[in-house]
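Text of the file target-v4.tsv, holding TSV, C-alpha atoms:
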chain	number	residue	atom	x	y	z
A	1	MET	CA	36.08	-46.64	44.45
A	2	VAL	CA	36.06	-42.87	44.94
A	3	VAL	CA	32.94	-41.10	43.71
A	4	SER	CA	32.05	-37.51	42.92
A	5	ALA	CA	28.62	-35.89	42.88
A	6	PRO	CA	26.48	-36.67	39.82
A	7	GLY	CA	27.37	-34.28	37.01
A	8	ALA	CA	25.30	-32.18	34.65
A	9	ARG	CA	22.82	-34.24	32.64
A	10	PHE	CA	22.67	-31.94	29.64
A	11	SER	CA	23.94	-28.58	28.41
A	12	GLY	CA	22.70	-25.83	30.70
A	13	ASP	CA	21.88	-28.21	33.55
A	14	ILE	CA	22.69	-26.98	37.07
A	15	LYS	CA	25.29	-29.10	38.84
A	16	ILE	CA	24.32	-30.65	42.15
A	17	THR	CA	27.18	-28.85	43.92
A	18	ASP	CA	25.84	-25.51	42.71
A	19	LEU	CA	22.32	-26.45	43.82
A	20	LEU	CA	23.68	-27.25	47.27
A	21	ILE	CA	25.46	-23.89	47.50
A	22	ARG	CA	22.20	-22.23	46.48
A	23	SER	CA	20.28	-24.26	49.07
A	24	ALA	CA	22.45	-22.79	51.83
A	25	GLU	CA	21.52	-19.27	50.75
A	26	GLU	CA	17.82	-20.13	50.42
A	27	PHE	CA	17.58	-21.87	53.80
A	28	LYS	CA	19.26	-19.04	55.65
A	29	LEU	CA	16.75	-16.59	54.15
A	30	SER	CA	13.51	-18.52	54.53
A	31	GLY	CA	14.10	-21.73	56.49
A	32	LYS	CA	13.37	-23.87	53.42
A	33	SER	CA	14.95	-24.60	50.06
A	34	LYS	CA	13.62	-25.60	46.64
A	35	SER	CA	17.17	-26.32	45.49
A	36	ALA	CA	17.56	-28.92	48.24
A	37	GLU	CA	14.32	-30.58	47.09
A	38	GLU	CA	15.72	-30.71	43.55
A	39	VAL	CA	18.91	-32.38	44.80
A	40	ILE	CA	16.90	-35.15	46.45
A	41	SER	CA	14.75	-35.50	43.30
A	42	ARG	CA	17.88	-36.11	41.24
A	43	PHE	CA	19.03	-38.91	43.52
A	44	LYS	CA	15.53	-40.37	43.40
A	45	GLU	CA	15.83	-40.47	39.59
A	46	ILE	CA	19.06	-42.46	39.95
A	47	ILE	CA	17.79	-45.01	42.46
A	48	PRO	CA	13.94	-44.93	42.30
A	49	GLU	CA	13.61	-48.46	43.69
A	50	ASP	CA	15.10	-47.59	47.11
A	51	ASN	CA	12.67	-45.23	48.82
A	52	SER	CA	14.20	-45.80	52.24
A	53	LEU	CA	17.65	-44.65	51.05
A	54	VAL	CA	16.18	-41.56	49.38
A	55	ALA	CA	14.29	-40.73	52.57
A	56	SER	CA	17.46	-41.17	54.62
A	57	LEU	CA	19.37	-38.83	52.31
A	58	SER	CA	16.59	-36.27	52.55
A	59	ASP	CA	16.75	-36.38	56.36
A	60	GLU	CA	20.54	-36.01	56.28
A	61	LEU	CA	20.36	-33.00	53.96
A	62	GLN	CA	17.72	-31.32	56.14
A	63	SER	CA	19.93	-31.94	59.19
A	64	ARG	CA	22.86	-30.20	57.49
A	65	LEU	CA	20.67	-27.32	56.35
A	66	ALA	CA	19.46	-26.74	59.91
A	67	LYS	CA	23.00	-26.22	61.25
A	68	THR	CA	23.19	-22.61	60.04
A	69	ASP	CA	25.53	-21.58	62.86
A	70	ALA	CA	28.23	-24.08	61.88
A	71	SER	CA	31.48	-22.39	60.87
A	72	ASN	CA	31.76	-24.77	57.89
A	73	TYR	CA	28.05	-24.57	56.98
A	74	VAL	CA	28.49	-24.13	53.22
A	75	GLU	CA	31.38	-26.63	53.13
A	76	SER	CA	29.21	-29.29	54.77
A	77	LEU	CA	26.42	-28.73	52.24
A	78	LYS	CA	28.79	-28.69	49.25
A	79	ALA	CA	30.14	-32.09	50.37
A	80	PHE	CA	26.66	-33.61	50.55
A	81	GLY	CA	26.64	-34.36	46.80
A	82	GLU	CA	29.62	-36.71	47.13
A	83	TYR	CA	28.38	-38.16	50.41
A	84	ALA	CA	24.98	-38.98	48.88
A	85	SER	CA	26.59	-40.30	45.71
A	86	GLY	CA	28.70	-42.69	47.78
A	87	ARG	CA	25.66	-44.06	49.55
A	88	VAL	CA	23.70	-44.40	46.30
A	89	ILE	CA	26.52	-46.17	44.44
A	90	ALA	CA	27.05	-48.54	47.37
A	91	GLY	CA	23.30	-49.25	47.34
A	92	ILE	CA	23.33	-50.00	43.61
A	93	LEU	CA	26.31	-52.36	44.01
A	94	LYS	CA	24.63	-54.16	46.90
A	95	GLY	CA	21.55	-54.57	44.72
A	96	LYS	CA	23.76	-56.44	42.26
A	97	GLY	CA	24.96	-58.79	45.00
A	98	ILE	CA	28.33	-57.08	45.52
A	99	ASN	CA	29.60	-56.67	49.07
A	100	ALA	CA	30.04	-52.89	48.96
A	101	GLU	CA	29.99	-50.31	51.71
A	102	CYS	CA	30.06	-46.51	51.68
A	103	ILE	CA	32.73	-45.32	54.09
A	104	ASP	CA	33.02	-41.66	55.06
A	105	PRO	CA	36.49	-40.14	54.65
A	106	MET	CA	36.52	-39.57	58.42
A	107	GLU	CA	37.14	-43.30	58.88
A	108	PHE	CA	40.09	-43.31	56.47
A	109	GLY	CA	41.59	-40.10	57.77
A	110	PRO	CA	42.47	-37.98	54.70
A	111	ILE	CA	43.74	-34.71	56.19
A	112	ILE	CA	43.28	-31.47	54.23
A	113	LEU	CA	45.55	-28.49	54.80
A	114	GLY	CA	44.30	-24.95	54.18
A	115	ASN	CA	40.90	-24.08	52.75
A	116	GLY	CA	39.24	-22.62	49.67
A	117	HIS	CA	41.46	-22.59	46.57
A	118	ASN	CA	44.48	-23.25	48.84
A	119	ALA	CA	43.12	-26.54	50.23
A	120	LYS	CA	45.43	-29.48	49.51
A	121	PRO	CA	46.20	-32.98	50.86
A	122	ASP	CA	48.53	-33.49	53.81
A	123	PRO	CA	51.00	-36.18	52.64
A	124	ARG	CA	51.66	-37.19	56.23
A	125	CYS	CA	48.22	-38.85	56.45
A	126	TYR	CA	48.85	-41.58	53.86
A	127	LYS	CA	50.38	-44.13	56.25
A	128	ARG	CA	47.40	-43.83	58.59
A	129	MET	CA	45.03	-44.16	55.65
A	130	ASN	CA	46.83	-47.34	54.57
A	131	LYS	CA	46.29	-48.89	58.00
A	132	ALA	CA	42.61	-47.95	57.85
A	133	PHE	CA	42.23	-49.66	54.46
A	134	LYS	CA	43.64	-52.90	55.86
A	135	SER	CA	40.97	-52.92	58.57
A	136	HIS	CA	38.25	-53.24	55.88
A	137	LYS	CA	39.50	-56.43	54.22
A	138	ASN	CA	36.06	-58.07	54.23
A	139	ILE	CA	34.56	-55.50	51.86
A	140	ALA	CA	34.67	-56.24	48.13
A	141	ILE	CA	34.38	-52.56	47.20
A	142	ALA	CA	34.82	-49.65	49.59
A	143	VAL	CA	32.94	-46.67	48.15
A	144	ILE	CA	34.51	-43.43	49.36
A	145	PRO	CA	32.97	-39.98	48.78
A	146	GLY	CA	35.48	-37.68	47.11
A	147	PHE	CA	35.94	-33.89	47.17
A	148	TYR	CA	36.17	-33.55	50.94
A	149	GLY	CA	38.21	-34.58	53.93
A	150	TYR	CA	38.86	-33.20	57.40
A	151	ASP	CA	41.35	-30.83	58.94
A	152	LYS	CA	43.45	-31.70	61.99
A	153	SER	CA	40.65	-30.64	64.33
A	154	GLY	CA	38.18	-33.00	62.65
A	155	MET	CA	36.21	-30.31	60.82
A	156	LEU	CA	34.95	-31.13	57.32
A	157	VAL	CA	36.87	-29.30	54.56
A	158	THR	CA	36.22	-29.39	50.82
A	159	LEU	CA	38.87	-29.37	48.12
A	160	PRO	CA	38.77	-26.97	45.14
A	161	ARG	CA	36.37	-27.74	42.26
A	162	GLY	CA	37.10	-31.13	40.73
A	163	GLY	CA	38.52	-32.26	44.06
A	164	SER	CA	37.27	-35.82	43.68
A	165	ASP	CA	40.18	-36.32	41.27
A	166	THR	CA	42.49	-35.40	44.14
A	167	SER	CA	40.62	-37.63	46.58
A	168	GLY	CA	41.11	-40.56	44.20
A	169	ALA	CA	44.82	-39.82	43.96
A	170	MET	CA	45.12	-39.70	47.75
A	171	VAL	CA	43.44	-43.10	48.04
A	172	ALA	CA	45.62	-44.56	45.25
A	173	CYS	CA	48.77	-43.35	47.01
A	174	ALA	CA	47.69	-44.53	50.46
A	175	ALA	CA	46.63	-47.94	49.12
A	176	GLY	CA	49.95	-48.45	47.29
A	177	ALA	CA	48.12	-48.89	43.97
A	178	ASP	CA	49.94	-49.48	40.68
A	179	THR	CA	47.11	-47.90	38.63
A	180	TYR	CA	44.61	-45.15	39.39
A	181	GLU	CA	41.73	-45.19	36.90
A	182	ASN	CA	39.98	-41.85	36.55
A	183	TRP	CA	36.67	-42.29	34.71
A	184	THR	CA	35.28	-39.24	32.90
A	185	ASP	CA	32.91	-38.52	30.01
A	186	GLU	CA	35.71	-38.21	27.42
A	187	ASP	CA	38.00	-40.72	25.68
A	188	GLY	CA	40.98	-39.71	27.81
A	189	LEU	CA	42.72	-36.34	27.62
A	190	ARG	CA	42.59	-34.48	24.32
A	191	ARG	CA	45.33	-32.54	22.57
A	192	ALA	CA	43.02	-29.53	22.77
A	193	ASP	CA	39.71	-28.75	24.42
A	194	PRO	CA	37.08	-30.56	22.27
A	195	ARG	CA	34.68	-27.68	22.93
A	196	ILE	CA	37.10	-25.56	20.90
A	197	VAL	CA	38.57	-28.13	18.51
A	198	ALA	CA	35.88	-30.63	17.55
A	199	ASN	CA	37.14	-34.23	17.58
A	200	ALA	CA	40.57	-33.23	18.93
A	201	ALA	CA	42.82	-36.29	19.04
A	202	THR	CA	43.27	-38.26	22.26
A	203	ILE	CA	46.74	-38.22	23.85
A	204	PRO	CA	47.76	-41.88	24.23
A	205	GLU	CA	50.50	-41.27	26.80
A	206	MET	CA	52.04	-38.30	28.58
A	207	THR	CA	54.05	-37.59	31.72
A	208	TYR	CA	52.76	-36.05	34.92
A	209	ASP	CA	54.89	-32.99	34.19
A	210	GLU	CA	53.27	-32.54	30.78
A	211	ALA	CA	49.78	-33.10	32.19
A	212	ARG	CA	50.46	-30.60	34.97
A	213	GLU	CA	51.43	-27.93	32.46
A	214	LEU	CA	48.11	-28.44	30.66
A	215	ALA	CA	45.87	-29.15	33.66
A	216	TYR	CA	47.05	-25.82	35.04
A	217	MET	CA	45.07	-24.27	32.19
A	218	GLY	CA	41.83	-26.15	32.84
A	219	PHE	CA	42.87	-29.31	30.96
A	220	LYS	CA	40.02	-31.60	32.12
A	221	LEU	CA	41.64	-33.02	35.28
A	222	GLN	CA	41.97	-31.16	38.57
A	223	ASP	CA	45.67	-30.29	38.50
A	224	ALA	CA	46.14	-30.90	42.25
A	225	CYS	CA	45.45	-34.62	41.75
A	226	PHE	CA	48.96	-35.28	40.42
A	227	GLU	CA	50.88	-34.45	43.58
A	228	PRO	CA	49.90	-37.53	45.67
A	229	ILE	CA	50.84	-40.01	42.89
A	230	LYS	CA	53.62	-38.33	40.90
A	231	GLY	CA	56.94	-40.09	41.44
A	232	LYS	CA	55.29	-43.10	43.10
A	233	GLY	CA	55.29	-45.40	40.06
A	234	ILE	CA	51.49	-45.14	39.84
A	235	VAL	CA	49.95	-44.95	36.36
A	236	LEU	CA	46.99	-42.59	36.04
A	237	ALA	CA	44.65	-44.03	33.40
A	238	VAL	CA	42.01	-41.55	32.20
A	239	LYS	CA	39.11	-43.43	30.59
A	240	ASN	CA	35.56	-42.86	29.36
A	241	THR	CA	32.69	-44.28	31.41
A	242	ASN	CA	30.51	-44.28	28.29
A	243	ASN	CA	33.16	-45.93	26.09
A	244	PRO	CA	35.14	-48.26	28.37
A	245	ALA	CA	36.78	-50.13	25.48
A	246	HIS	CA	38.72	-47.01	24.44
A	247	PRO	CA	42.34	-47.13	25.74
A	248	GLY	CA	42.13	-43.53	26.95
A	249	THR	CA	45.23	-41.70	28.19
A	250	ARG	CA	48.03	-43.08	30.35
A	251	ILE	CA	49.90	-40.59	32.54
A	252	VAL	CA	53.29	-41.84	33.73
A	253	ASP	CA	56.36	-40.59	35.56
A	254	ALA	CA	58.64	-40.77	32.52
A	255	ARG	CA	58.46	-41.53	28.81
A	256	GLU	CA	60.42	-41.06	25.59
A	257	SER	CA	59.01	-38.68	23.00
A	258	GLY	CA	58.89	-39.87	19.38
A	259	PRO	CA	61.39	-38.47	16.86
A	260	ASP	CA	58.75	-36.39	15.08
A	261	GLU	CA	56.84	-35.35	18.20
A	262	ARG	CA	56.98	-31.65	19.00
A	263	ILE	CA	54.14	-30.90	21.41
A	264	VAL	CA	51.67	-33.04	23.29
A	265	GLY	CA	48.82	-30.55	23.50
A	266	ILE	CA	47.46	-27.02	23.76
A	267	ALA	CA	45.26	-25.61	26.50
A	268	CYS	CA	43.88	-22.19	27.33
A	269	GLU	CA	42.11	-20.33	30.07
A	270	ARG	CA	40.54	-16.91	29.94
A	271	ASN	CA	40.17	-14.05	32.39
A	272	PHE	CA	43.63	-13.13	33.60
A	273	VAL	CA	44.76	-9.60	34.32
A	274	ALA	CA	48.28	-8.25	33.83
A	275	ILE	CA	49.04	-5.36	36.18
A	276	GLY	CA	51.86	-3.43	34.57
A	277	MET	CA	54.19	-0.93	36.25
A	278	ARG	CA	56.69	1.40	34.61
A	279	LYS	CA	59.54	3.00	36.52
A	280	MET	CA	62.98	4.20	35.48
A	281	TYR	CA	65.80	1.81	36.51
A	282	ILE	CA	63.59	-1.04	37.71
A	283	ASP	CA	66.35	-3.31	36.39
A	284	LYS	CA	68.79	-1.82	38.93
A	285	GLU	CA	66.45	-1.48	41.91
A	286	VAL	CA	67.37	-4.24	44.36
A	287	GLY	CA	64.28	-5.74	46.01
A	288	PHE	CA	61.68	-4.51	43.52
A	289	GLY	CA	60.47	-8.04	42.78
A	290	ARG	CA	60.20	-8.84	46.48
A	291	LYS	CA	58.11	-5.72	47.10
A	292	MET	CA	55.79	-6.60	44.21
A	293	LEU	CA	55.27	-10.23	45.20
A	294	SER	CA	54.86	-9.36	48.87
A	295	VAL	CA	51.59	-7.66	47.89
A	296	SER	CA	50.13	-10.86	46.42
A	297	GLU	CA	51.51	-12.85	49.37
A	298	LYS	CA	49.91	-10.61	52.00
A	299	MET	CA	46.60	-10.72	50.12
A	300	ARG	CA	46.92	-14.52	49.80
A	301	LEU	CA	46.71	-14.32	46.02
A	302	PRO	CA	48.63	-16.91	43.97
A	303	TYR	CA	50.41	-15.25	41.06
A	304	GLU	CA	50.55	-16.79	37.60
A	305	HIS	CA	53.51	-15.03	35.93
A	306	THR	CA	55.86	-12.10	36.39
A	307	LEU	CA	57.17	-10.41	33.24
A	308	ASP	CA	59.73	-7.66	32.93
A	309	GLY	CA	61.47	-5.33	30.51
A	310	VAL	CA	64.16	-2.74	31.21
A	311	ASP	CA	61.93	-0.22	32.95
A	312	SER	CA	58.68	-2.14	33.23
A	313	VAL	CA	57.28	-5.20	34.97
A	314	SER	CA	53.91	-6.98	35.03
A	315	LEU	CA	52.24	-9.17	37.60
A	316	VAL	CA	49.74	-11.60	36.07
A	317	LEU	CA	46.85	-12.74	38.29
A	318	ALA	CA	43.83	-14.94	37.66
A	319	LYS	CA	40.57	-13.03	38.01
A	320	LYS	CA	38.94	-16.01	39.72
A	321	TYR	CA	40.93	-15.04	42.82
A	322	LEU	CA	39.76	-11.43	42.62
A	323	LYS	CA	36.06	-11.99	43.25
A	324	GLU	CA	35.68	-9.65	46.23
A	325	LYS	CA	34.43	-6.18	45.49
A	326	ASP	CA	37.20	-3.76	44.48
A	327	ALA	CA	39.82	-6.54	44.88
A	328	LEU	CA	41.71	-5.47	41.75
A	329	ASP	CA	41.71	-1.82	42.81
A	330	THR	CA	43.07	-2.90	46.20
A	331	VAL	CA	45.91	-4.86	44.58
A	332	ILE	CA	46.85	-1.89	42.39
A	333	ALA	CA	46.74	0.52	45.34
A	334	ARG	CA	49.01	-1.73	47.39
A	335	LEU	CA	51.42	-2.17	44.48
A	336	LYS	CA	51.64	1.62	44.12
A	337	LYS	CA	52.39	1.98	47.81
A	338	ALA	CA	54.99	-0.80	47.90
A	339	CYS	CA	56.72	-0.24	44.54
A	340	ARG	CA	56.07	3.47	43.83
A	341	PRO	CA	55.84	3.13	40.03
A	342	GLU	CA	55.69	6.16	37.77
A	343	GLN	CA	52.85	4.61	35.79
A	344	THR	CA	50.47	1.65	36.11
A	345	MET	CA	48.33	-0.08	33.51
A	346	THR	CA	46.14	-3.18	33.31
A	347	ARG	CA	45.35	-5.56	30.49
A	348	ASP	CA	42.82	-8.41	30.40
A	349	MET	CA	43.92	-11.52	28.55
A	350	ALA	CA	43.67	-15.25	28.08
A	351	LEU	CA	46.66	-17.54	28.51
A	352	VAL	CA	47.45	-20.31	26.02
A	353	SER	CA	49.75	-23.12	27.14
A	354	VAL	CA	51.79	-25.09	24.58
A	355	ALA	CA	53.50	-28.09	26.17
A	356	GLY	CA	55.37	-31.28	25.39
A	357	LEU	CA	58.63	-33.15	25.95
A	358	GLY	CA	59.35	-33.11	22.23
A	359	MET	CA	59.81	-29.34	21.92
A	360	LYS	CA	63.32	-29.46	23.40
A	361	ASN	CA	64.40	-31.68	20.48
A	362	HIS	CA	63.16	-29.35	17.72
A	363	PHE	CA	64.17	-25.79	16.89
A	364	ASP	CA	60.99	-24.83	15.04
A	365	VAL	CA	58.24	-25.13	17.70
A	366	HIS	CA	58.17	-21.47	18.66
A	367	ALA	CA	58.49	-20.27	15.06
A	368	ARG	CA	55.62	-22.45	13.88
A	369	THR	CA	53.45	-21.43	16.84
A	370	PHE	CA	53.82	-17.70	16.28
A	371	ALA	CA	53.51	-18.08	12.51
A	372	ALA	CA	50.20	-19.89	13.05
A	373	LEU	CA	48.96	-17.03	15.25
A	374	ALA	CA	50.14	-14.41	12.76
A	375	GLY	CA	48.32	-16.25	10.00
A	376	GLN	CA	45.07	-15.68	11.89
A	377	LYS	CA	46.00	-12.07	12.77
A	378	ILE	CA	46.09	-12.88	16.50
A	379	ALA	CA	48.11	-10.35	18.51
A	380	VAL	CA	50.48	-11.75	21.14
A	381	ARG	CA	50.19	-9.82	24.41
A	382	MET	CA	52.58	-11.90	26.53
A	383	ILE	CA	55.28	-14.57	26.15
A	384	ASP	CA	56.64	-16.62	29.05
A	385	GLU	CA	58.94	-19.62	28.72
A	386	GLY	CA	59.04	-22.37	31.33
A	387	ALA	CA	62.34	-23.11	33.05
A	388	ASP	CA	62.75	-26.65	31.69
A	389	ASP	CA	61.82	-26.36	27.99
A	390	LEU	CA	58.61	-28.24	28.68
A	391	SER	CA	56.11	-25.48	27.97
A	392	PHE	CA	55.60	-21.85	27.10
A	393	PHE	CA	52.69	-19.50	27.64
A	394	ILE	CA	51.21	-16.93	25.29
A	395	GLY	CA	48.87	-14.13	26.30
A	396	VAL	CA	46.16	-13.22	23.78
A	397	ASP	CA	42.97	-11.19	23.91
A	398	ASN	CA	40.17	-13.10	25.65
A	399	GLU	CA	37.92	-13.14	22.59
A	400	ARG	CA	40.69	-14.59	20.39
A	401	ALA	CA	41.61	-17.46	22.72
A	402	PRO	CA	39.58	-20.14	20.85
A	403	ASP	CA	41.04	-18.96	17.52
A	404	ALA	CA	44.54	-19.21	18.98
A	405	VAL	CA	44.00	-22.79	20.13
A	406	LYS	CA	42.58	-23.79	16.74
A	407	ALA	CA	45.45	-22.16	14.86
A	408	ILE	CA	48.16	-23.88	16.92
A	409	TYR	CA	46.36	-27.22	16.86
A	410	SER	CA	46.02	-27.12	13.07
A	411	GLU	CA	49.71	-26.30	12.73
A	412	PHE	CA	50.96	-29.29	14.73
A	413	PHE	CA	48.11	-31.76	14.20
A	414	PRO	CA	46.87	-31.16	10.64
A	415	GLY	CA	43.85	-33.09	9.47
Output the structure of this file as structure tokens.
Amino acid sequence: MVVSAPGARFSGDIKITDLLIRSAEEFKLSGKSKSAEEVISRFKEIIPEDNSLVASLSDELQSRLAKTDASNYVESLKAFGEYASGRVIAGILKGKGINAECIDPMEFGPIILGNGHNAKPDPRCYKRMNKAFKSHKNIAIAVIPGFYGYDKSGMLVTLPRGGSDTSGAMVACAAGADTYENWTDEDGLRRADPRIVANAATIPEMTYDEARELAYMGFKLQDACFEPIKGKGIVLAVKNTNNPAHPGTRIVDARESGPDERIVGIACERNFVAIGMRKMYIDKEVGFGRKMLSVSEKMRLPYEHTLDGVDSVSLVLAKKYLKEKDALDTVIARLKKACRPEQTMTRDMALVSVAGLGMKNHFDVHARTFAALAGQKIAVRMIDEGADDLSFFIGVDNERAPDAVKAIYSEFFPG
């Protein structure tokens, strides 16, 4: 069992991970932290009958807070939510007479490569993890904190947000599982974000490729969790903790789309920026694309899309990677130096992803999509087609993104 930190209890609630990040800032300033006290109070609400465990967790958190000189100080505190959750869940299971034990990822050896938004599992660690699992045969349930692992030097490293999904996938792969159950607060994956389309239908089955196209746009699951299990014959079953009888969504390596199926779902994410450049004869300038992409590479910025016309080209970046002060201005300045455009321009937008195996069998998917947008007077700012007829992306104004999702959903899933 791989656990994440306890989530938000109600709308507007502060997540434990965010409280822990805040506690690092508070402790460095004053040597104490109200946010850390609130974290411990939350765990006390979960397991009020075990004062000794709560006290132990409080001591552990204070120990981590005190290590302000540690190079991974914030990482260590961010991981405390999962660590504490693992100990609490193991305590609850033991209270029910189940032979459970919380085991830190250090014992199982999940290795994380990179850091920050580039952190990802090292597939070479799975064999070692498998051997470690076999050494714990006497435990009924091994409770493993998710979201973090260790680098090759043994230093704690956290995965990107939602990383417990990835931790679970790593464990499923290393254990040679046939099914990886991912329990959430929704009845599986929806055909559209239910915060935008109320009561959006649940997807009964989809492939990892389809899910990846939609997870890329914030589609509930952490998209990095597919890599460890894709192609391994492992079924990812997404189910609802609060409604366990619901079949949820099955994600598989391959499936056949129904004869009338066109798309499997729609997803969107806001806050992208398209940096456009105009220059005569871009289409004949050998190496222009390399010069443009070398800027994002040197700045360690993943790029989302590149779009081009005859004498113009755009580089689309996610603003979440441009958080440092003047980061966008720096990108533009470097593009001007490397590519020497005659003109530059920027445009903010949201990206809408339309995906599904069925679209390659029907000629009308694109026509119906753009007709639905036109019907709601939604301007299309960008079009990008995937290489394998599995998805396409549409850029729209940020404020019209929810309307775009609703329009496309209504077109393909009426009623």
Contact residues around Asp50 (chain A) with all atoms listed in the file at 10 Å, ignoring same-chain residues under 6 positions, as an MDAnalysis selection string: chainID A and resid 44 88 91:92 95
The distance between CA of Tyr409 (chain A) and CA of Val396 (chain A) is 15.6 Å
Of the candidates A:Pro110, A:Pro48, A:Pro302, A:Gly188, which shows the shortest atom-to-atom distance to Gly146 (chain A), using all atoms listed in the file? A:Pro110
Near-region 51-56 of chain A list (10 Å; all atoms listed in the file; drop same-chain fewer than 3 positions) as JSON, numbers by chain: {"A": [40, 41, 42, 43, 44, 45, 46, 47, 48, 59, 60, 61, 62, 84, 87, 88, 91]}
For CA of Lys67 (chain A) and CA of Ile111 (chain A), determine how far apart the two atoms are, in Å to one decimal place.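 Between CA of Lys67 (chain A) and CA of Ile111 (chain A) the gap is 23.0 Å.
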When you count only C-alpha atoms, which of these residues is closest to Leu156 (chain A): A:Lys96, A:Lys78, A:Arg124, A:Lys137?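 Smallest distance to Leu156 (chain A) is found for A:Lys78.
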Contacts of Tyr126 (chain A) at 10 Å (all atoms listed in the file; same-chain gap of 5+ positions) as a ChimeraX atom specification: /A:108-111,121,131-132,170-176,228
Just the number, please: distance in Å from CA of Glu205 (chain A) to CA of Gly248 (chain A), one decimal.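 Taking CA of Glu205 (chain A) and CA of Gly248 (chain A), their separation equals 8.7 Å.
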Within 7 Å of Val316 (chain A) using all atoms listed in the file, minus same-chain residues under 4 positions, as a list of chain:residue names: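 Skipping anything fewer than 4 positions along the chain leaves A:Phe272, A:Val273, A:Ala274, A:Ile275, A:Tyr303, A:Glu304, A:His305, A:Thr306.
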Applying 12 Å and all atoms listed in the file, which residues near Lys336 (chain A) remain after dropping the ones on its own chain fewer than 4 positions away? List them as a list of chain:residue names. A:Ile275, A:Gly276, A:Met277, A:Arg278, A:Lys279, A:Phe288, A:Lys291, A:Met292, A:Val295, A:Asp329, A:Thr330, A:Val331, A:Ile332, A:Arg340, A:Pro341, A:Glu342, A:Gln343, A:Thr344, A:Met345
Take the residues just selected and output them with C-alpha atoms as an mmCIF file, keeping the file's coordinate frame.
data_model
loop_
_atom_site.group_PDB
_atom_site.id
_atom_site.type_symbol
_atom_site.label_atom_id
_atom_site.label_comp_id
_atom_site.auth_asym_id
_atom_site.auth_seq_id
_atom_site.Cartn_x
_atom_site.Cartn_y
_atom_site.Cartn_z
ATOM 1 C CA ILE A 275 49.040 -5.360 36.180
ATOM 2 C CA GLY A 276 51.860 -3.430 34.570
ATOM 3 C CA MET A 277 54.190 -0.930 36.250
ATOM 4 C CA ARG A 278 56.690 1.400 34.610
ATOM 5 C CA LYS A 279 59.540 3.000 36.520
ATOM 6 C CA PHE A 288 61.680 -4.510 43.520
ATOM 7 C CA LYS A 291 58.110 -5.720 47.100
ATOM 8 C CA MET A 292 55.790 -6.600 44.210
ATOM 9 C CA VAL A 295 51.590 -7.660 47.890
ATOM 10 C CA ASP A 329 41.710 -1.820 42.810
ATOM 11 C CA THR A 330 43.070 -2.900 46.200
ATOM 12 C CA VAL A 331 45.910 -4.860 44.580
ATOM 13 C CA ILE A 332 46.850 -1.890 42.390
ATOM 14 C CA ARG A 340 56.070 3.470 43.830
ATOM 15 C CA PRO A 341 55.840 3.130 40.030
ATOM 16 C CA GLU A 342 55.690 6.160 37.770
ATOM 17 C CA GLN A 343 52.850 4.610 35.790
ATOM 18 C CA THR A 344 50.470 1.650 36.110
ATOM 19 C CA MET A 345 48.330 -0.080 33.510
#
Counting all atoms listed in the file, note down every residue that has an atom within 12 Å of the point (32.8, -21.6, 59.1) (file coordinates), as an MDAnalysis selection string. chainID A and resid 67:77 115:116 155:158
Selection file, C-alpha atoms, as a CSV table (one decimal), in the coordinates of the input:
chain,number,residue,atom,x,y,z
A,67,LYS,CA,23.0,-26.2,61.2
A,68,THR,CA,23.2,-22.6,60.0
A,69,ASP,CA,25.5,-21.6,62.9
A,70,ALA,CA,28.2,-24.1,61.9
A,71,SER,CA,31.5,-22.4,60.9
A,72,ASN,CA,31.8,-24.8,57.9
A,73,TYR,CA,28.0,-24.6,57.0
A,74,VAL,CA,28.5,-24.1,53.2
A,75,GLU,CA,31.4,-26.6,53.1
A,76,SER,CA,29.2,-29.3,54.8
A,77,LEU,CA,26.4,-28.7,52.2
A,115,ASN,CA,40.9,-24.1,52.8
A,116,GLY,CA,39.2,-22.6,49.7
A,155,MET,CA,36.2,-30.3,60.8
A,156,LEU,CA,35.0,-31.1,57.3
A,157,VAL,CA,36.9,-29.3,54.6
A,158,THR,CA,36.2,-29.4,50.8
Point (42.0, -17.1, 23.5), cut-off 7 Å, counting only C-alpha atoms, residues as number ranges by chain: A: 268, 270, 350-352, 396-405
C-alpha atoms of the current selection, written as a PDB file, in the coordinates of the input:
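This is the output file selection_34.pdb:
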ATOM      1  CA  CYS A 268      43.880 -22.190  27.330  1.00  0.00           C
ATOM      2  CA  ARG A 270      40.540 -16.910  29.940  1.00  0.00           C
ATOM      3  CA  ALA A 350      43.670 -15.250  28.080  1.00  0.00           C
ATOM      4  CA  LEU A 351      46.660 -17.540  28.510  1.00  0.00           C
ATOM      5  CA  VAL A 352      47.450 -20.310  26.020  1.00  0.00           C
ATOM      6  CA  VAL A 396      46.160 -13.220  23.780  1.00  0.00           C
ATOM      7  CA  ASP A 397      42.970 -11.190  23.910  1.00  0.00           C
ATOM      8  CA  ASN A 398      40.170 -13.100  25.650  1.00  0.00           C
ATOM      9  CA  GLU A 399      37.920 -13.140  22.590  1.00  0.00           C
ATOM     10  CA  ARG A 400      40.690 -14.590  20.390  1.00  0.00           C
ATOM     11  CA  ALA A 401      41.610 -17.460  22.720  1.00  0.00           C
ATOM     12  CA  PRO A 402      39.580 -20.140  20.850  1.00  0.00           C
ATOM     13  CA  ASP A 403      41.040 -18.960  17.520  1.00  0.00           C
ATOM     14  CA  ALA A 404      44.540 -19.210  18.980  1.00  0.00           C
ATOM     15  CA  VAL A 405      44.000 -22.790  20.130  1.00  0.00           C
TER      16      VAL A 405
END
